[in-house]
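One file, entry-v9.txt, is given below (compact mmCIF, C-alpha atoms).
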```
# COMPACT_ATOMS: atom_id res chain seq x y z
CA MET A 298 4.49 18.53 -8.53
CA THR A 299 7.49 20.62 -7.48
CA ASP A 300 9.16 23.69 -8.88
CA ARG A 301 11.15 22.78 -11.97
CA ASP A 302 13.84 24.48 -13.98
CA ASP A 303 12.79 25.25 -17.53
CA PHE A 304 15.13 22.93 -19.45
CA LEU A 305 12.31 20.49 -20.29
CA THR A 306 9.21 22.64 -20.51
CA ARG A 307 6.38 21.81 -22.90
CA ALA A 308 4.39 24.11 -25.10
CA GLY A 309 0.77 24.69 -24.20
CA SER A 310 -1.05 24.69 -20.89
CA GLY A 311 -2.42 21.18 -20.53
CA PRO A 312 -3.85 20.08 -17.18
CA LEU A 313 -0.75 17.97 -16.43
CA SER A 314 1.73 20.74 -17.24
CA GLY A 315 4.69 20.59 -14.85
CA GLN A 316 4.24 16.93 -13.99
CA VAL A 317 7.50 15.11 -14.74
CA VAL A 318 6.93 11.54 -15.95
CA VAL A 319 9.85 9.11 -16.22
CA ASP A 320 8.90 6.40 -18.69
CA PHE A 321 10.74 3.10 -18.27
CA SER A 322 8.21 1.26 -20.45
CA ARG A 323 8.38 -0.09 -23.98
CA VAL A 324 6.24 -1.53 -26.79
CA LEU A 325 2.57 -0.51 -26.34
CA ALA A 326 0.65 -0.52 -23.02
CA GLY A 327 3.14 1.68 -21.14
CA PRO A 328 4.04 3.99 -24.03
CA TYR A 329 0.35 4.46 -24.85
CA ALA A 330 -0.32 5.51 -21.25
CA THR A 331 2.61 7.92 -21.16
CA MET A 332 1.60 9.41 -24.51
CA MET A 333 -1.85 10.10 -23.04
CA LEU A 334 -0.15 11.90 -20.13
CA ALA A 335 2.17 13.75 -22.52
CA ASP A 336 -0.71 14.88 -24.74
CA LEU A 337 -2.31 16.36 -21.62
CA GLY A 338 0.78 18.45 -20.93
CA ALA A 339 3.08 16.29 -18.81
CA THR A 340 6.84 16.38 -19.38
CA VAL A 341 7.54 12.74 -20.29
CA ILE A 342 11.13 11.50 -20.39
CA LYS A 343 11.29 8.22 -22.32
CA VAL A 344 14.22 6.06 -21.19
CA GLU A 345 15.42 3.60 -23.82
CA GLY A 346 18.03 0.85 -23.55
CA PRO A 347 20.97 0.67 -25.97
CA LYS A 348 18.93 -1.31 -28.51
CA GLY A 349 15.96 1.03 -28.32
CA ASP A 350 12.27 0.38 -27.83
CA ASP A 351 11.34 -2.88 -29.60
CA THR A 352 8.77 -1.09 -31.74
CA ARG A 353 11.48 1.03 -33.40
CA HIS A 354 12.31 -2.19 -35.27
CA TRP A 355 8.75 -3.37 -35.99
CA ALA A 356 8.60 -2.58 -39.69
CA PRO A 357 7.15 -2.25 -42.25
CA PRO A 358 5.23 0.05 -42.46
CA VAL A 359 7.71 2.92 -42.19
CA ARG A 360 7.77 6.67 -42.67
CA ASP A 361 11.22 7.44 -44.00
CA ASP A 362 13.36 5.38 -41.59
CA ASP A 363 10.87 5.37 -38.70
CA ALA A 364 8.61 2.41 -37.92
CA THR A 365 5.04 3.71 -37.84
CA TYR A 366 4.30 1.42 -34.87
CA PHE A 367 6.76 3.45 -32.77
CA LEU A 368 5.51 6.75 -34.16
CA SER A 369 1.92 5.91 -33.21
CA VAL A 370 2.50 5.85 -29.42
CA ASN A 371 5.52 8.05 -28.67
CA ARG A 372 4.79 11.67 -29.57
CA ASN A 373 5.29 14.52 -27.09
CA LYS A 374 8.16 12.74 -25.29
CA PHE A 375 11.77 13.61 -24.58
CA ASP A 376 14.14 10.70 -25.20
CA ILE A 377 17.30 9.54 -23.43
CA VAL A 378 19.32 6.35 -23.99
CA LEU A 379 20.65 4.69 -20.83
CA ASP A 380 22.41 1.34 -20.37
CA PHE A 381 21.65 0.10 -16.85
CA ALA A 382 24.78 -2.08 -17.04
CA ASP A 383 26.82 1.14 -17.04
CA ALA A 384 27.23 2.61 -13.56
CA ASP A 385 27.09 6.21 -14.76
CA ASP A 386 23.98 5.60 -16.87
CA LEU A 387 22.31 3.77 -14.01
CA ALA A 388 23.03 6.71 -11.72
CA VAL A 389 21.27 8.98 -14.24
CA ALA A 390 18.26 6.65 -14.27
CA GLN A 391 18.16 6.64 -10.48
CA ASP A 392 18.47 10.43 -10.44
CA LEU A 393 15.52 10.69 -12.84
CA ALA A 394 13.46 8.40 -10.61
CA ALA A 395 14.31 10.51 -7.56
CA ARG A 396 12.97 13.65 -9.27
CA ALA A 397 9.94 12.15 -10.98
CA ASP A 398 6.36 13.02 -10.12
CA ILE A 399 5.19 9.89 -11.99
CA ILE A 400 7.04 6.74 -13.07
CA VAL A 401 5.71 4.15 -15.53
CA GLU A 402 7.42 0.78 -16.06
CA ASN A 403 6.59 -2.57 -17.64
CA PHE A 404 9.63 -4.69 -16.85
CA LYS A 405 9.11 -8.31 -15.91
CA PRO A 406 7.90 -8.55 -12.29
CA GLY A 407 10.75 -7.59 -9.99
CA GLY A 408 13.00 -6.72 -12.93
CA LEU A 409 13.89 -3.24 -11.70
CA ALA A 410 14.75 -4.21 -8.11
CA LYS A 411 18.34 -5.12 -8.97
CA PHE A 412 18.80 -1.62 -10.37
CA GLY A 413 17.36 0.19 -7.35
CA LEU A 414 14.48 1.39 -9.51
CA ASP A 415 11.64 -0.61 -7.95
CA TYR A 416 8.82 1.16 -6.14
CA ASP A 417 10.02 0.48 -2.59
CA THR A 418 13.52 1.79 -3.28
CA VAL A 419 12.36 4.84 -5.22
CA ALA A 420 9.63 5.72 -2.71
CA ALA A 421 12.13 5.64 0.16
CA SER A 422 13.76 8.77 -1.29
CA ASN A 423 10.77 10.08 -3.27
CA PRO A 424 7.71 9.29 -1.12
CA ALA A 425 5.35 11.46 -3.19
CA VAL A 426 6.01 9.54 -6.41
CA VAL A 427 3.11 7.94 -8.26
CA TYR A 428 4.68 4.74 -9.55
CA ALA A 429 2.74 2.72 -12.16
CA SER A 430 3.82 -0.87 -12.75
CA ILE A 431 2.36 -2.79 -15.71
CA THR A 432 2.72 -6.57 -15.97
CA GLY A 433 1.20 -9.27 -18.13
CA PHE A 434 -0.44 -11.37 -15.44
CA GLY A 435 0.15 -9.60 -12.14
CA PRO A 436 3.27 -9.01 -10.04
CA ASP A 437 3.55 -12.61 -8.85
CA ASN A 438 3.42 -14.25 -12.29
CA PRO A 439 6.50 -14.06 -14.54
CA LEU A 440 4.68 -15.08 -17.74
CA PRO A 441 5.67 -12.78 -20.63
CA GLY A 442 3.13 -10.02 -21.13
CA TYR A 443 2.35 -10.24 -24.84
CA ASP A 444 -1.08 -9.08 -25.94
CA LEU A 445 -1.60 -12.14 -28.14
CA LEU A 446 -1.05 -14.47 -25.17
CA VAL A 447 -3.67 -12.54 -23.22
CA GLN A 448 -6.15 -12.60 -26.09
CA ALA A 449 -5.76 -16.39 -26.02
CA MET A 450 -5.70 -17.01 -22.26
CA SER A 451 -8.48 -14.58 -21.36
CA GLY A 452 -11.05 -16.26 -23.60
CA PHE A 453 -11.24 -13.34 -26.04
CA MET A 454 -10.22 -15.47 -29.02
CA SER A 455 -12.86 -18.06 -28.14
CA VAL A 456 -15.57 -15.48 -28.88
CA THR A 457 -13.89 -13.98 -31.95
CA GLY A 458 -14.31 -15.55 -35.38
CA SER A 459 -16.72 -17.77 -37.23
CA PRO A 460 -18.51 -20.53 -35.29
CA GLU A 461 -17.15 -23.07 -37.78
CA GLY A 462 -13.67 -21.56 -38.10
CA SER A 463 -10.59 -21.05 -35.96
CA PRO A 464 -10.42 -18.62 -33.05
CA TYR A 465 -9.20 -15.20 -34.18
CA ARG A 466 -7.17 -12.48 -32.55
CA ALA A 467 -8.26 -8.87 -32.88
CA GLY A 468 -6.70 -6.78 -35.65
CA VAL A 469 -5.00 -4.58 -33.03
CA ALA A 470 -3.35 -5.30 -29.67
CA VAL A 471 -6.62 -4.49 -27.95
CA PHE A 472 -5.65 -5.43 -24.38
CA ASP A 473 -2.39 -3.51 -24.53
CA VAL A 474 -4.44 -0.44 -25.41
CA ILE A 475 -7.07 -1.09 -22.74
CA THR A 476 -4.34 -1.67 -20.14
CA GLY A 477 -2.70 1.58 -21.20
CA LEU A 478 -5.98 3.40 -20.63
CA HIS A 479 -6.53 1.66 -17.26
CA THR A 480 -2.99 2.65 -16.27
CA THR A 481 -3.65 6.27 -17.18
CA ILE A 482 -6.85 6.27 -15.12
CA GLY A 483 -5.02 4.75 -12.15
CA ILE A 484 -2.25 7.34 -12.40
CA LEU A 485 -4.70 10.24 -12.54
CA ALA A 486 -6.56 8.85 -9.51
CA ALA A 487 -3.27 8.57 -7.61
CA VAL A 488 -2.32 12.13 -8.60
CA GLN A 489 -5.64 13.34 -7.19
CA HIS A 490 -5.00 11.35 -4.00
CA ARG A 491 -1.59 13.05 -3.74
CA MET A 492 -3.19 16.46 -4.18
CA LEU A 493 -5.49 15.69 -1.23
CA THR A 494 -2.98 13.98 1.08
CA GLY A 495 0.54 14.61 -0.19
CA GLU A 496 1.07 10.85 -0.44
CA GLY A 497 2.38 8.99 -3.47
CA GLN A 498 1.52 5.35 -4.08
CA LEU A 499 2.04 2.28 -6.25
CA VAL A 500 -0.41 1.79 -9.13
CA GLU A 501 -0.53 -1.75 -10.53
CA THR A 502 -2.23 -2.91 -13.71
CA ASN A 503 -1.91 -6.07 -15.78
CA LEU A 504 -3.08 -7.19 -19.19
CA MET A 505 -5.01 -10.22 -17.93
CA SER A 506 -7.10 -8.21 -15.44
CA SER A 507 -7.70 -5.54 -18.08
CA ALA A 508 -8.87 -8.31 -20.41
CA MET A 509 -11.30 -9.62 -17.79
CA SER A 510 -12.71 -6.09 -17.46
CA GLY A 511 -12.57 -5.39 -21.19
CA LEU A 512 -14.60 -8.50 -22.00
CA VAL A 513 -17.50 -6.76 -20.18
CA ASN A 514 -20.76 -8.60 -20.96
CA GLN A 515 -18.91 -11.75 -22.07
CA SER A 516 -16.89 -12.23 -18.87
CA GLY A 517 -19.82 -10.80 -16.91
CA ALA A 518 -22.10 -13.49 -18.33
CA TYR A 519 -19.88 -16.14 -16.79
CA ALA A 520 -19.50 -14.30 -13.48
CA ALA A 521 -23.21 -13.60 -13.03
CA ALA A 522 -24.89 -16.55 -14.75
CA GLY A 523 -22.26 -19.23 -15.30
CA ALA A 524 -22.73 -18.80 -19.06
CA ASN A 525 -19.74 -19.65 -21.28
CA PRO A 526 -20.03 -17.54 -24.46
CA THR A 527 -18.82 -18.96 -27.79
CA ARG A 528 -17.89 -17.67 -31.23
CA MET A 529 -20.84 -16.25 -33.14
CA GLY A 530 -19.04 -14.69 -36.09
CA ASN A 531 -20.37 -11.14 -36.40
CA ALA A 532 -23.62 -11.86 -34.56
CA HIS A 533 -24.47 -10.48 -31.11
CA PRO A 534 -25.42 -12.81 -28.24
CA SER A 535 -28.29 -10.65 -27.01
CA ILE A 536 -29.76 -8.46 -29.78
CA TYR A 537 -30.73 -8.86 -33.45
CA PRO A 538 -30.18 -7.68 -36.15
CA TYR A 539 -26.77 -6.43 -35.01
CA GLN A 540 -24.21 -7.54 -37.61
CA PRO A 541 -23.04 -7.12 -41.21
CA MET A 542 -25.71 -8.06 -43.74
CA ALA A 543 -25.45 -8.56 -47.49
CA THR A 544 -27.00 -6.04 -49.90
CA LYS A 545 -27.13 -5.78 -53.68
CA ASP A 546 -23.39 -5.04 -53.92
CA GLY A 547 -21.71 -5.73 -50.58
CA GLU A 548 -22.31 -5.70 -46.85
CA ILE A 549 -23.61 -3.03 -44.48
CA VAL A 550 -23.58 -3.20 -40.70
CA ILE A 551 -27.05 -3.00 -39.17
CA ALA A 552 -27.16 -2.29 -35.42
CA VAL A 553 -30.77 -2.35 -34.24
CA GLY A 554 -30.62 -1.81 -30.50
CA ASN A 555 -34.29 -1.72 -29.46
CA ASP A 556 -37.80 -2.58 -30.58
CA GLY A 557 -38.60 0.95 -31.73
CA GLN A 558 -35.63 0.93 -34.08
CA PHE A 559 -36.68 -2.49 -35.34
CA ALA A 560 -40.18 -1.23 -36.22
CA THR A 561 -38.65 1.67 -38.17
CA PHE A 562 -36.21 -0.70 -39.86
CA ALA A 563 -39.03 -3.07 -40.84
CA GLU A 564 -41.04 -0.24 -42.37
CA ALA A 565 -37.99 1.08 -44.25
CA LEU A 566 -37.50 -2.37 -45.79
CA GLY A 567 -41.14 -2.49 -46.86
CA ARG A 568 -42.06 -5.10 -44.26
CA PRO A 569 -43.97 -3.32 -41.48
CA ASP A 570 -45.64 -6.65 -40.72
CA TRP A 571 -42.45 -7.80 -38.96
CA ALA A 572 -43.08 -5.32 -36.15
CA GLU A 573 -46.55 -6.81 -35.64
CA ASP A 574 -45.39 -10.42 -35.79
CA ASP A 575 -45.21 -12.06 -32.35
CA ARG A 576 -42.11 -13.94 -33.48
CA PHE A 577 -40.15 -10.78 -34.23
CA ALA A 578 -41.65 -7.73 -32.50
CA LYS A 579 -39.84 -8.05 -29.16
CA ALA A 580 -36.06 -8.28 -28.82
CA LYS A 581 -35.79 -11.45 -26.77
CA ILE A 582 -38.15 -13.45 -29.00
CA ARG A 583 -36.72 -11.87 -32.17
CA ASN A 584 -33.25 -12.98 -31.11
CA ALA A 585 -34.52 -16.55 -30.61
CA ASN A 586 -36.18 -16.56 -34.04
CA GLN A 587 -33.45 -14.87 -36.06
CA GLU A 588 -33.03 -17.94 -38.31
CA LEU A 589 -36.60 -17.37 -39.48
CA LEU A 590 -36.22 -13.61 -39.88
CA GLU A 591 -32.79 -13.37 -41.48
CA PRO A 592 -33.67 -14.79 -44.94
CA GLU A 593 -36.49 -12.26 -45.19
CA ILE A 594 -34.22 -9.34 -44.19
CA LEU A 595 -31.58 -10.41 -46.72
CA GLU A 596 -34.22 -10.69 -49.44
CA ALA A 597 -35.36 -7.12 -48.75
CA LEU A 598 -31.80 -5.73 -48.55
CA ARG A 599 -30.96 -7.15 -51.99
CA ALA A 600 -33.09 -4.42 -53.54
CA HIS A 601 -30.41 -1.73 -53.06
CA THR A 602 -26.67 -1.25 -52.62
CA ALA A 603 -24.91 -0.79 -49.28
CA ASP A 604 -24.39 2.92 -49.94
CA GLU A 605 -28.05 3.37 -50.93
CA TRP A 606 -29.21 1.66 -47.76
CA PHE A 607 -26.84 3.77 -45.64
CA ASP A 608 -28.23 6.96 -47.18
CA ALA A 609 -31.82 5.74 -46.72
CA LEU A 610 -31.62 4.30 -43.20
CA THR A 611 -29.40 6.87 -41.48
CA PRO A 612 -31.93 9.77 -41.68
CA LEU A 613 -34.52 7.47 -40.12
CA GLY A 614 -32.36 6.99 -37.03
CA ILE A 615 -31.50 3.39 -37.79
CA PRO A 616 -27.88 2.73 -36.75
CA CYS A 617 -25.94 1.40 -39.73
CA ALA A 618 -22.50 1.79 -41.25
CA PRO A 619 -20.43 0.85 -44.28
CA ILE A 620 -17.54 -1.57 -43.67
CA ASN A 621 -14.54 0.60 -44.46
CA SER A 622 -10.86 0.00 -44.87
CA ILE A 623 -8.59 1.83 -42.41
CA ALA A 624 -7.95 4.48 -45.07
CA GLU A 625 -11.67 4.87 -45.69
CA GLY A 626 -12.30 5.05 -41.94
CA VAL A 627 -9.82 7.89 -41.48
CA GLU A 628 -11.28 9.72 -44.47
CA ARG A 629 -14.81 9.23 -43.09
CA ALA A 630 -13.67 10.73 -39.77
CA LYS A 631 -12.41 13.72 -41.75
CA ASP A 632 -15.78 14.02 -43.49
CA LEU A 633 -17.47 14.02 -40.09
CA GLY A 634 -15.35 16.99 -39.02
CA LEU A 635 -13.37 15.04 -36.43
CA ASP A 636 -9.94 16.07 -37.80
CA PRO A 637 -8.38 12.67 -37.05
CA ILE A 638 -4.85 13.49 -38.22
CA VAL A 639 -2.70 16.05 -36.42
CA GLU A 640 0.92 17.01 -37.01
CA ALA A 641 3.21 16.51 -34.04
CA GLY A 642 6.43 18.49 -33.79
CA GLU A 643 7.85 21.59 -35.35
CA GLY A 644 10.78 22.64 -37.51
CA GLU A 645 12.44 19.91 -39.55
CA ARG A 646 10.70 16.97 -37.85
CA ILE A 647 6.92 17.03 -38.16
CA ILE A 648 5.09 13.68 -38.08
CA PRO A 649 1.40 13.16 -38.92
CA THR A 650 -0.24 11.25 -36.06
CA ILE A 651 -3.76 10.34 -34.96
CA ARG A 652 -5.45 12.96 -32.79
CA ASN A 653 -5.91 12.35 -29.08
CA PRO A 654 -9.65 11.60 -28.71
CA ILE A 655 -10.02 13.78 -25.58
CA ARG A 656 -11.12 17.37 -26.05
CA LEU A 657 -11.02 19.75 -23.10
CA SER A 658 -12.77 23.13 -23.16
CA LYS A 659 -10.33 24.85 -20.78
CA SER A 660 -6.93 23.28 -21.47
CA GLU A 661 -6.04 22.06 -24.92
CA VAL A 662 -4.22 18.88 -25.84
CA SER A 663 -0.84 19.76 -27.37
CA TYR A 664 1.28 18.20 -30.10
CA ASP A 665 4.52 20.17 -29.82
CA LEU A 666 6.99 17.25 -29.86
CA ALA A 667 7.31 14.76 -32.72
CA PRO A 668 7.96 11.13 -31.77
CA PRO A 669 11.64 11.28 -30.83
CA GLU A 670 14.59 10.09 -32.80
CA PHE A 671 16.65 7.58 -30.81
CA GLY A 672 18.40 9.42 -27.97
CA ARG A 673 17.38 12.82 -29.34
CA ASP A 674 17.31 14.50 -25.93
CA SER A 675 20.01 12.56 -24.06
CA GLU A 676 22.22 15.59 -23.48
CA ARG A 677 19.29 17.90 -22.86
CA VAL A 678 17.92 15.59 -20.13
CA ARG A 679 21.36 15.29 -18.52
CA ASP A 680 21.66 19.08 -18.63
CA TRP A 681 18.28 19.39 -16.92
CA LEU A 682 19.41 17.01 -14.18
CA ARG A 683 22.55 19.04 -13.62
CA HIS A 684 20.61 22.29 -13.31
CA SER A 685 17.57 21.06 -11.38
CA PRO A 686 17.60 20.64 -7.59
CA ALA A 687 19.97 17.93 -6.41
CA ALA A 688 18.59 14.59 -5.31
CA THR A 689 20.10 11.56 -3.63
CA THR A 690 20.92 8.74 -6.03
CA LEU A 691 18.85 5.70 -5.23
CA GLY A 692 19.97 2.25 -4.25
CA THR A 693 23.08 0.34 -5.16
CA THR A 694 24.40 0.27 -8.71
CA ALA A 695 24.85 -2.93 -10.64
CA ALA A 696 28.56 -2.18 -10.78
CA ASP A 697 28.70 -2.04 -6.99
CA GLU A 698 27.04 -5.46 -6.91
CA GLY A 699 29.60 -6.82 -9.36
CA GLU A 700 26.80 -7.63 -11.86
CA SER A 701 26.31 -6.77 -15.48
CA HIS A 702 22.77 -6.20 -16.71
CA HIS A 703 21.35 -5.00 -19.96
CA GLY A 704 18.71 -2.28 -19.97
CA HIS A 705 15.88 -4.40 -21.35
CA HIS A 706 12.57 -2.67 -20.77
```
Final structure tokens representation of the file:
Amino acid sequence: MTDRDDFLTRAGSGPLSGQVVVDFSRVLAGPYATMMLADLGATVIKVEGPKGDDTRHWAPPVRDDDATYFLSVNRNKFDIVLDFADADDLAVAQDLAARADIIVENFKPGGLAKFGLDYDTVAASNPAVVYASITGFGPDNPLPGYDLLVQAMSGFMSVTGSPEGSPYRAGVAVFDVITGLHTTIGILAAVQHRMLTGEGQLVETNLMSSAMSGLVNQSGAYAAAGANPTRMGNAHPSIYPYQPMATKDGEIVIAVGNDGQFATFAEALGRPDWAEDDRFAKAKIRNANQELLEPEILEALRAHTADEWFDALTPLGIPCAPINSIAEGVERAKDLGLDPIVEAGEGERIIPTIRNPIRLSKSEVSYDLAPPEFGRDSERVRDWLRHSPAATTLGTTAADEGESHHGHH
């Protein structure tokens, strides 16, 4: 972090205040990571090509004219539109890279080299930069990095869905989000390394590796035991009962994690004998005999509604939950005092967004900038570059090479 002019300061005093992040990423994994950094106080400059981030056009749903997909991962950022095919715009991009503390990009592998914006070129003039590169399948594999492809190729879809049905994708781009979090962790580790040594470095993440890690016990079962997990619907491979179960009027999720909870659960259902039964008392044997136990559990649960069971079981310490819609989930979070919705921005543009889940006792997360309108800060960023300390423009421009490229991110 170096001394900065005050053209692009942020409100608040987050732990990353003063860190300048140049964001060459688009869609989800990269923008999610840079939003995490921005929420924690960093000055994030989002660079968009002439057509804008893809997610600006992913609609419906919309709020006014804004796609909610874009709004969900782009608050607290300044925004500039640059066409890398234009020599002047490319020079601005290179100037931003030369002054950045942190860079995040998710171009196809090697895609920024022709613009002089790859790590090696940038680091030659800005050796302290922390440069995060996100790909789909690693830097040597040009396969397109779409979350759905990774859900398929990683094996995730093979363990999601009914045993008799088709493989299912998750209802959210889960590996984009996990990769965004892994990228943020890698960046913060590299920033700490720079604080200790003064050295910047390249941080590399990819969706496929994040999927391998994010599959935790499922991928770990194959690594450690050669087991190849399969679809089990809503059942758990290792513990029981741990799934939705039918009641008098609908389903409730029961998540019994140990034998003590099972004994309490059995008593609450009026069947304390289950906890004394050698077929059911211990987790490993209970899991093997769940086909015998399940009809009896369902018979007992039919006595009351899902809400009645939730109210009865929760005070006993038995983990359970209603199956909510998204709207009901957000409202439940409100009821729990978690304040899930926060307003980002001020003045005429204030956008409701979902709260950052991190709470810090010494330095608060801030929400001073609404997700930006396209090119909102283009002149402001250029003004900051003119007034901040001069830096050498990096590399050779596309115009010098006699090439024409579009700024696809």
Selection near Arg307 of chain A, 8 Å with only C-alpha atoms, sequence-local residues under 6 positions removed, as an MDAnalysis selection string: chainID A and resid 314 338:340 665
Surrounding residues of segment 594-610 of chain A excluding itself and chain neighbours under 5 positions, 8 Å, only C-alpha atoms, as a list in words: Met542, Ala543, Thr544, Lys545, Asp546, Gly547, Glu548, Ile549, Phe562, Ala565, Leu566, Gly567, Ile615, Pro616, Cys617, Ala618 and Pro619 of chain A
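Remark: for Glu588 of chain A, the closest of the candidate residues A:Leu334, A:Leu512, A:Ala532, A:Leu325 is A:Ala532 (distances computed over only C-alpha atoms).
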I want to know what sits within 12 Å of Gly346 of chain A, based on only C-alpha atoms, with residues of the same chain fewer than 4 positions away left out; could you give that as a ChimeraX atom specification? /A:320-323,350-351,353,376-383,386-387,390,671-672,675,702-706
Can you spit out the residues from that selection as a short mmCIF file (atom, residue, chain, number, x, y, z; two decimals), keeping the file's coordinate frame, using C-alpha atoms?
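part.cif was written with the following content:
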```
data_model
loop_
_atom_site.label_atom_id
_atom_site.label_comp_id
_atom_site.auth_asym_id
_atom_site.auth_seq_id
_atom_site.Cartn_x
_atom_site.Cartn_y
_atom_site.Cartn_z
CA ASP A 320 8.90 6.40 -18.69
CA PHE A 321 10.74 3.10 -18.27
CA SER A 322 8.21 1.26 -20.45
CA ARG A 323 8.38 -0.09 -23.98
CA ASP A 350 12.27 0.38 -27.83
CA ASP A 351 11.34 -2.88 -29.60
CA ARG A 353 11.48 1.03 -33.40
CA ASP A 376 14.14 10.70 -25.20
CA ILE A 377 17.30 9.54 -23.43
CA VAL A 378 19.32 6.35 -23.99
CA LEU A 379 20.65 4.69 -20.83
CA ASP A 380 22.41 1.34 -20.37
CA PHE A 381 21.65 0.10 -16.85
CA ALA A 382 24.78 -2.08 -17.04
CA ASP A 383 26.82 1.14 -17.04
CA ASP A 386 23.98 5.60 -16.87
CA LEU A 387 22.31 3.77 -14.01
CA ALA A 390 18.26 6.65 -14.27
CA PHE A 671 16.65 7.58 -30.81
CA GLY A 672 18.40 9.42 -27.97
CA SER A 675 20.01 12.56 -24.06
CA HIS A 702 22.77 -6.20 -16.71
CA HIS A 703 21.35 -5.00 -19.96
CA GLY A 704 18.71 -2.28 -19.97
CA HIS A 705 15.88 -4.40 -21.35
CA HIS A 706 12.57 -2.67 -20.77
#
```
Which residues of segment 334-382 of chain A come within 8 Å of segment 638-657 of chain A, and what is each one's closest atom pair and distance in Å (one decimal), counting only C-alpha atoms, sorted by chain and residue number, as a tab-separated table?
```
residue	atom	partner	partner_atom	distance
A:Asp336	CA	A:Asn653	CA	7.2
A:Leu368	CA	A:Thr650	CA	7.5
A:Ser369	CA	A:Thr650	CA	6.4
A:Arg372	CA	A:Ala641	CA	6.8
A:Asn373	CA	A:Ala641	CA	7.5
```
